[in-house]
>>> print(open('structure12.cif').read())   # mmCIF, C-alpha atoms
data_start
#
loop_
_atom_site.label_atom_id
_atom_site.label_comp_id
_atom_site.auth_asym_id
_atom_site.auth_seq_id
_atom_site.Cartn_x
_atom_site.Cartn_y
_atom_site.Cartn_z
CA MET A 1 105.30 -156.05 18.03
CA LYS A 2 106.58 -154.70 14.74
CA PRO A 3 106.31 -151.15 13.39
CA ALA A 4 103.25 -149.99 11.51
CA PRO A 5 103.95 -149.64 7.76
CA PHE A 6 105.94 -146.56 6.71
CA ASP A 7 107.85 -145.21 3.72
CA TYR A 8 111.61 -144.80 4.02
CA LEU A 9 113.57 -141.91 2.51
CA ARG A 10 117.36 -141.83 2.61
CA ALA A 11 118.12 -138.13 2.31
CA ALA A 12 121.22 -137.30 0.24
CA SER A 13 121.30 -133.67 1.38
CA LEU A 14 119.89 -131.37 3.99
CA ASP A 15 117.54 -129.94 1.36
CA ASP A 16 116.14 -133.45 0.71
CA ALA A 17 115.39 -133.93 4.39
CA LEU A 18 113.81 -130.51 4.82
CA GLU A 19 111.65 -130.94 1.73
CA ALA A 20 110.34 -134.25 3.07
CA LEU A 21 109.44 -132.55 6.36
CA ARG A 22 107.73 -129.73 4.46
CA GLN A 23 105.66 -132.16 2.43
CA HIS A 24 104.71 -134.60 5.19
CA GLY A 25 104.76 -132.42 8.33
CA PRO A 26 103.61 -134.35 11.43
CA GLU A 27 103.52 -137.61 9.45
CA ALA A 28 107.32 -137.57 8.99
CA ARG A 29 110.03 -138.44 11.50
CA ILE A 30 113.78 -137.96 11.28
CA ILE A 31 115.87 -141.05 12.00
CA ALA A 32 119.62 -141.00 12.62
CA GLY A 33 120.93 -143.52 15.16
CA GLY A 34 117.45 -144.85 15.88
CA GLN A 35 118.26 -146.08 19.39
CA SER A 36 115.27 -144.27 20.88
CA LEU A 37 112.99 -144.20 17.84
CA MET A 38 113.14 -147.88 16.84
CA PRO A 39 111.79 -149.21 20.17
CA MET A 40 108.98 -146.68 19.96
CA LEU A 41 108.20 -147.83 16.41
CA ASN A 42 108.25 -151.48 17.45
CA MET A 43 105.84 -150.82 20.31
CA ARG A 44 103.73 -148.62 18.00
CA LEU A 45 104.00 -145.68 20.34
CA THR A 46 104.63 -143.62 17.22
CA LYS A 47 103.34 -144.37 13.73
CA PRO A 48 104.95 -142.06 11.17
CA ALA A 49 104.04 -142.35 7.51
CA VAL A 50 107.60 -141.49 6.43
CA LEU A 51 111.00 -142.03 8.04
CA VAL A 52 113.68 -139.62 6.80
CA ASP A 53 117.19 -141.02 7.29
CA VAL A 54 119.77 -138.22 7.62
CA MET A 55 122.86 -140.30 8.39
CA ARG A 56 124.23 -140.11 4.82
CA ILE A 57 124.29 -136.29 4.73
CA PRO A 58 127.96 -135.17 4.72
CA ALA A 59 127.16 -131.75 6.22
CA LEU A 60 125.87 -133.39 9.40
CA LYS A 61 128.91 -135.55 10.17
CA GLU A 62 131.58 -133.36 11.80
CA PRO A 63 131.55 -131.41 15.08
CA ARG A 64 133.04 -127.94 14.75
CA PRO A 65 134.09 -125.14 17.10
CA ASP A 66 132.14 -121.92 16.59
CA LYS A 67 132.29 -118.73 18.68
CA GLY A 68 133.10 -120.39 21.99
CA THR A 69 130.89 -123.43 21.45
CA LEU A 70 131.21 -126.92 20.04
CA VAL A 71 128.50 -127.39 17.40
CA ILE A 72 127.47 -131.04 17.08
CA PRO A 73 125.40 -131.80 13.95
CA ALA A 74 122.62 -134.36 13.76
CA GLY A 75 124.76 -137.14 12.29
CA VAL A 76 127.41 -137.26 15.04
CA ARG A 77 127.31 -140.51 16.98
CA GLN A 78 127.84 -140.53 20.74
CA ALA A 79 130.83 -142.89 20.55
CA ILE A 80 132.54 -140.69 17.96
CA LEU A 81 132.24 -137.62 20.15
CA LEU A 82 133.37 -139.52 23.24
CA ASP A 83 136.57 -140.44 21.38
CA ARG A 84 137.17 -136.87 20.21
CA PRO A 85 140.65 -135.65 21.21
CA GLY A 86 140.42 -132.83 23.74
CA LEU A 87 136.79 -133.47 24.70
CA ALA A 88 137.68 -133.78 28.40
CA ARG A 89 139.51 -130.46 28.19
CA ASP A 90 136.95 -128.55 26.13
CA LEU A 91 133.68 -130.07 27.43
CA PRO A 92 134.54 -131.91 30.66
CA LEU A 93 130.92 -132.16 31.81
CA LEU A 94 129.82 -133.92 28.63
CA ALA A 95 132.94 -136.12 28.69
CA ALA A 96 132.02 -137.21 32.24
CA ALA A 97 128.36 -137.87 31.39
CA LEU A 98 128.63 -139.67 28.04
CA PRO A 99 129.91 -142.98 29.46
CA TRP A 100 126.66 -143.16 31.47
CA VAL A 101 124.54 -142.95 28.29
CA GLY A 102 123.26 -146.45 27.56
CA HIS A 103 125.97 -148.98 26.71
CA ILE A 104 128.87 -149.12 24.28
CA GLN A 105 126.65 -150.80 21.68
CA THR A 106 123.97 -148.09 21.81
CA ARG A 107 126.55 -145.27 21.89
CA ALA A 108 128.08 -146.72 18.73
CA ARG A 109 124.81 -146.03 16.90
CA GLY A 110 123.01 -143.34 18.89
CA THR A 111 123.45 -139.64 18.12
CA LEU A 112 123.54 -136.69 20.48
CA CYS A 113 120.86 -134.81 18.55
CA GLY A 114 118.66 -137.90 18.61
CA SER A 115 118.77 -137.93 22.40
CA VAL A 116 117.85 -134.25 22.47
CA ALA A 117 114.98 -134.84 20.02
CA HIS A 118 113.67 -137.74 22.12
CA ALA A 119 113.69 -135.44 25.18
CA ASP A 120 113.56 -138.08 27.86
CA PRO A 121 113.70 -136.19 31.18
CA SER A 122 116.19 -138.75 32.56
CA ALA A 123 118.65 -138.54 29.64
CA GLU A 124 122.17 -137.29 30.27
CA ILE A 125 122.82 -135.45 26.99
CA PRO A 126 119.86 -133.03 27.32
CA LEU A 127 120.73 -132.56 31.00
CA CYS A 128 124.25 -131.40 30.15
CA LEU A 129 122.89 -129.12 27.42
CA VAL A 130 120.63 -127.40 29.97
CA ALA A 131 123.35 -127.25 32.64
CA LEU A 132 125.77 -125.53 30.25
CA ARG A 133 123.14 -123.18 28.77
CA GLY A 134 123.52 -124.72 25.34
CA GLU A 135 121.40 -124.18 22.25
CA VAL A 136 119.40 -126.26 19.79
CA HIS A 137 119.76 -125.31 16.12
CA LEU A 138 116.52 -125.92 14.23
CA ARG A 139 116.01 -125.67 10.48
CA SER A 140 113.10 -125.93 8.08
CA ARG A 141 112.51 -124.85 4.48
CA ARG A 142 111.09 -121.62 5.90
CA LYS A 143 113.86 -120.55 8.26
CA ALA A 144 116.62 -121.45 10.68
CA ARG A 145 116.42 -120.58 14.35
CA ARG A 146 118.27 -121.21 17.60
CA VAL A 147 116.52 -122.04 20.86
CA ALA A 148 118.05 -122.05 24.33
CA ALA A 149 118.04 -125.56 25.76
CA GLU A 150 115.94 -124.51 28.77
CA ASP A 151 113.23 -123.26 26.39
CA PHE A 152 113.47 -126.19 23.97
CA PHE A 153 112.34 -128.88 26.41
CA THR A 154 108.71 -128.14 27.23
CA GLY A 155 107.46 -131.35 28.88
CA MET A 156 107.73 -135.13 29.03
CA MET A 157 109.27 -136.01 25.65
CA VAL A 158 107.84 -132.77 24.24
CA THR A 159 109.90 -130.01 22.65
CA ASP A 160 109.59 -126.66 20.88
CA ARG A 161 110.34 -128.23 17.47
CA ALA A 162 107.72 -127.53 14.80
CA ASP A 163 106.46 -130.34 12.56
CA ASP A 164 108.45 -129.14 9.53
CA GLU A 165 111.67 -128.56 11.48
CA MET A 166 114.59 -130.84 12.20
CA ILE A 167 117.35 -130.50 14.77
CA GLU A 168 120.27 -129.58 12.55
CA ALA A 169 122.74 -129.38 15.44
CA ILE A 170 123.19 -128.69 19.13
CA ALA A 171 125.81 -126.34 20.59
CA TYR A 172 127.59 -126.75 23.93
CA PRO A 173 129.57 -123.78 25.30
CA LEU A 174 133.23 -124.68 25.70
CA ARG A 175 134.78 -124.65 29.16
CA ARG A 176 136.12 -121.30 30.32
CA GLU A 177 139.08 -120.79 32.59
CA GLY A 178 138.04 -120.80 36.25
CA THR A 179 134.91 -122.88 35.63
CA GLY A 180 134.37 -126.26 37.26
CA THR A 181 131.83 -128.94 36.39
CA ALA A 182 130.78 -132.29 37.83
CA PHE A 183 128.27 -135.03 37.01
CA ALA A 184 126.70 -137.89 38.97
CA GLU A 185 123.68 -140.14 38.61
CA VAL A 186 121.93 -143.01 40.36
CA GLY A 187 120.21 -145.75 38.36
CA ARG A 188 119.24 -149.35 38.93
CA ARG A 189 122.16 -150.46 36.74
CA HIS A 190 124.89 -148.63 34.85
CA GLY A 191 123.46 -147.72 31.47
CA ASP A 192 119.83 -147.58 32.62
CA TYR A 193 118.02 -144.28 32.57
CA ALA A 194 118.84 -142.29 35.67
CA ILE A 195 116.51 -142.29 38.65
CA VAL A 196 118.18 -138.95 39.42
CA ALA A 197 121.07 -137.31 37.56
CA CYS A 198 122.82 -134.10 38.61
CA ALA A 199 125.13 -131.83 36.62
CA ALA A 200 126.89 -128.88 38.29
CA VAL A 201 128.60 -125.84 36.80
CA VAL A 202 130.48 -123.43 39.06
CA ASP A 203 132.32 -120.23 38.13
CA GLY A 204 133.45 -117.14 39.98
CA THR A 205 129.95 -115.73 40.45
CA ARG A 206 127.47 -118.58 40.63
CA MET A 207 126.69 -122.22 41.25
CA ARG A 208 124.34 -123.91 38.78
CA LEU A 209 122.71 -127.29 39.34
CA ALA A 210 120.73 -129.17 36.69
CA VAL A 211 118.65 -132.21 37.64
CA GLY A 212 117.23 -134.95 35.44
CA GLY A 213 114.87 -137.81 36.23
CA VAL A 214 112.62 -135.89 38.64
CA ALA A 215 110.60 -133.24 36.80
CA ASP A 216 109.10 -133.73 33.32
CA ARG A 217 112.19 -132.14 31.75
CA PRO A 218 115.80 -131.42 32.75
CA THR A 219 115.64 -128.45 35.11
CA ALA A 220 118.38 -126.09 36.31
CA ARG A 221 118.65 -123.57 39.11
CA ASP A 222 121.30 -120.94 39.81
CA PHE A 223 122.55 -120.13 43.29
CA PRO A 224 125.10 -117.68 44.67
CA HIS A 225 128.14 -119.38 46.19
CA LEU A 226 126.72 -121.27 49.19
CA ASP A 227 127.95 -123.82 51.67
CA GLY A 228 126.89 -125.36 54.97
CA SER A 229 123.26 -125.03 56.03
CA ALA A 230 122.59 -122.33 53.42
CA LEU A 231 123.39 -124.81 50.66
CA ASP A 232 121.30 -127.49 52.39
CA ASP A 233 118.32 -125.13 52.49
CA ALA A 234 118.70 -124.14 48.84
CA LEU A 235 118.93 -127.78 47.71
CA ASN A 236 115.95 -128.75 49.84
CA ALA A 237 113.83 -126.01 48.27
CA PHE A 238 114.93 -127.05 44.77
CA ALA A 239 114.18 -130.71 45.51
CA TRP A 240 110.61 -129.87 46.55
CA ASP A 241 110.06 -127.47 43.64
CA LEU A 242 110.88 -130.23 41.12
CA GLY A 243 107.61 -131.96 42.01
CA ALA A 244 108.88 -135.54 42.26
CA GLY A 245 106.43 -138.42 41.99
CA ASP A 246 106.40 -142.12 42.85
CA ASP A 247 107.01 -144.79 40.22
CA LEU A 248 108.39 -148.34 39.94
CA HIS A 249 111.98 -147.09 40.25
CA GLY A 250 111.69 -144.90 43.33
CA THR A 251 109.46 -142.84 45.55
CA ALA A 252 109.16 -139.07 45.50
CA ARG A 253 110.90 -138.96 48.87
CA TYR A 254 113.82 -141.02 47.55
CA ARG A 255 114.21 -138.69 44.59
CA ARG A 256 114.17 -135.62 46.84
CA ASP A 257 116.82 -137.22 49.04
CA LEU A 258 118.96 -137.90 45.97
CA VAL A 259 118.63 -134.32 44.73
CA ARG A 260 119.83 -133.08 48.11
CA SER A 261 122.73 -135.54 48.46
CA LEU A 262 123.88 -135.80 44.83
CA GLY A 263 123.36 -132.08 44.34
CA ARG A 264 125.69 -131.26 47.23
CA ARG A 265 128.31 -133.77 46.02
CA VAL A 266 128.48 -132.48 42.47
CA LEU A 267 128.45 -128.82 43.51
CA GLU A 268 131.28 -129.41 45.98
CA GLN A 269 133.21 -131.33 43.32
CA ALA A 270 132.68 -128.55 40.79
CA VAL A 271 133.95 -125.97 43.28
CA LYS A 272 137.15 -127.99 43.73
CA VAL A 273 137.60 -128.25 39.96
CA ALA A 274 137.06 -124.50 39.54
CA ARG A 275 139.74 -123.85 42.17
CA GLY A 276 142.15 -126.28 40.51
CA ASP A 277 142.16 -128.60 43.55
CA THR A 278 141.13 -131.64 41.51
CA HIS A 279 140.37 -132.65 37.93
CA GLN A 280 137.00 -133.21 36.27
CA GLU A 281 135.44 -136.65 36.51
CA ALA A 282 132.08 -138.24 37.10
CA VAL A 283 131.32 -138.57 40.81
CA PRO A 284 131.08 -142.31 41.62
CA CYS A 285 127.54 -143.36 42.55
CA HIS A 286 125.64 -146.57 43.20
CA SER A 287 121.98 -147.40 42.95
#
>>> encode(input="structure12.cif", output="structure tokens")
Amino acid sequence: MKPAPFDYLRAASLDDALEALRQHGPEARIIAGGQSLMPMLNMRLTKPAVLVDVMRIPALKEPRPDKGTLVIPAGVRQAILLDRPGLARDLPLLAAALPWVGHIQTRARGTLCGSVAHADPSAEIPLCLVALRGEVHLRSRRKARRVAAEDFFTGMMVTDRADDEMIEAIAYPLRREGTGTAFAEVGRRHGDYAIVACAAVVDGTRMRLAVGGVADRPTARDFPHLDGSALDDALNAFAWDLGAGDDLHGTARYRRDLVRSLGRRVLEQAVKVARGDTHQEAVPCHS
């Protein structure tokens, strides 16, 4: 298959891109890295009239710290951020998860905002954004607004973005002293979409677990500090509440088992990191 015919606009500025979205609305799509969008175009799962390329816009190229967050604009490629000095110190959860995103070839082209826009419920970048209580920065010709990650993802590859809006940036809160994080996933092969992925954030007052690959969007739950059977019970309830289903990659029961086992592993690892007993890393997993 090849894409249906479309017009191509290479935006020279943010204003150019926003004006194209204003004019064409639902018939326009933003393209940056294209690693998710191009397969969908080739299979004709989406048929935009206009593609708006934002990768030449200078204002969208550089991540920047801002009020305790790292703001990552729409033109930042995954490989560039993964190589950022200090990423493992400032955003250890994202540093642990990014190597599990696709392969080196796709990370060299794909953008973080593109993954968030695609909103695959198995994707690691949206999962970390939800786990860390990050934000999505949206902009149109009418206004700019910020949406909490948990509110932005509304269903299977569905988001709160309006037709005339683009994701200008996403913002991840920087690590605070005394906070521990951990990440793990199980897939058929490294680089495949996760059958189940878990991201944990632990601080002095709470344990937070975010799960991808089970519900129709990345989903997080907060717990008080738990261990033993109390933690088992909490994870079991969360696993059932996610509403897992059967598919070609795994049964609902398998996914619930993974939520319980991976969830415990990443939460226990995050507790150790918060205490300073170990350093942040992805928890090794196998399919």
>>> residues_around(input="structure12.cif", residues="stretch 230-235 of chain A", least_positions_apart="2", cutoff="10 Å", atoms="only C-alpha atoms", output="count of residues only")
23
>>> resolve_selection(input="structure12.cif", expression="the PyMOL selection byres ((chain A and resi 76) around 8)", output="list in words")
Leu60, Lys61, Glu62, Pro63, Ile72, Pro73, Ala74, Gly75, Arg77, Gln78, Ile80, Leu81, Thr111, Leu112 and Cys113 of chain A
>>> resolve_selection(input="structure12.cif", expression="the PyMOL selection byres ((chain A and resi 140) around 10)", output="number ranges by chain")
A: 14-15, 17-19, 21-22, 138-139, 141-145, 162-168
>>> residues_around(input="structure12.cif", residues="A:Gln269", least_positions_apart="2", cutoff="12 Å", atoms="only C-alpha atoms", output="MDAnalysis selection string")
chainID A and resid 93 179:184 198:202 207 209 262:267 271:284
>>> atom_distance(input="structure12.cif", atom1="atom CA of A:Leu129", atom2="atom CA of A:Val71")
11.6 Å
>>> closest_residue(input="structure12.cif", among="A:Ala171, A:Thr219, A:Ile195, A:Asp247", to="A:Lys67", atoms="all atoms listed in the file")
A:Ala171
>>> atom_distance(input="structure12.cif", atom1="atom CA of A:Met157", atom2="atom CA of A:His190")
22.1 Å
>>> atom_distance(input="structure12.cif", atom1="atom CA of A:His24", atom2="atom CA of A:Arg146")
22.7 Å
>>> resolve_selection(input="structure12.cif", expression="the PyMOL selection byres ((chain A and resi 52) around 12)", output="PyMOL selection string")
chain A and resi 6-25+27-34+37+48-51+53-57+166
>>> residues_around(input="structure12.cif", residues="A:Arg44", least_positions_apart="6", cutoff="10 Å", atoms="all atoms listed in the file", output="VMD selection string")
chain A and resid 1 to 4 38
>>> residues_around(input="structure12.cif", residues="A:Gly155", least_positions_apart="2", cutoff="10 Å", atoms="all atoms listed in the file", output="VMD selection string")
chain A and resid 119 to 121 152 to 153 157 to 160 215 to 218
>>> residues_around(input="structure12.cif", residues="A:Pro65", least_positions_apart="4", cutoff="12 Å", atoms="only C-alpha atoms", output="VMD selection string")
chain A and resid 69 to 73 86 to 87 90 to 91 170 to 174
>>> closest_residue(input="structure12.cif", among="A:Gly212, A:Glu268, A:Leu98, A:Arg188", to="A:Leu242", atoms="only C-alpha atoms")
A:Gly212
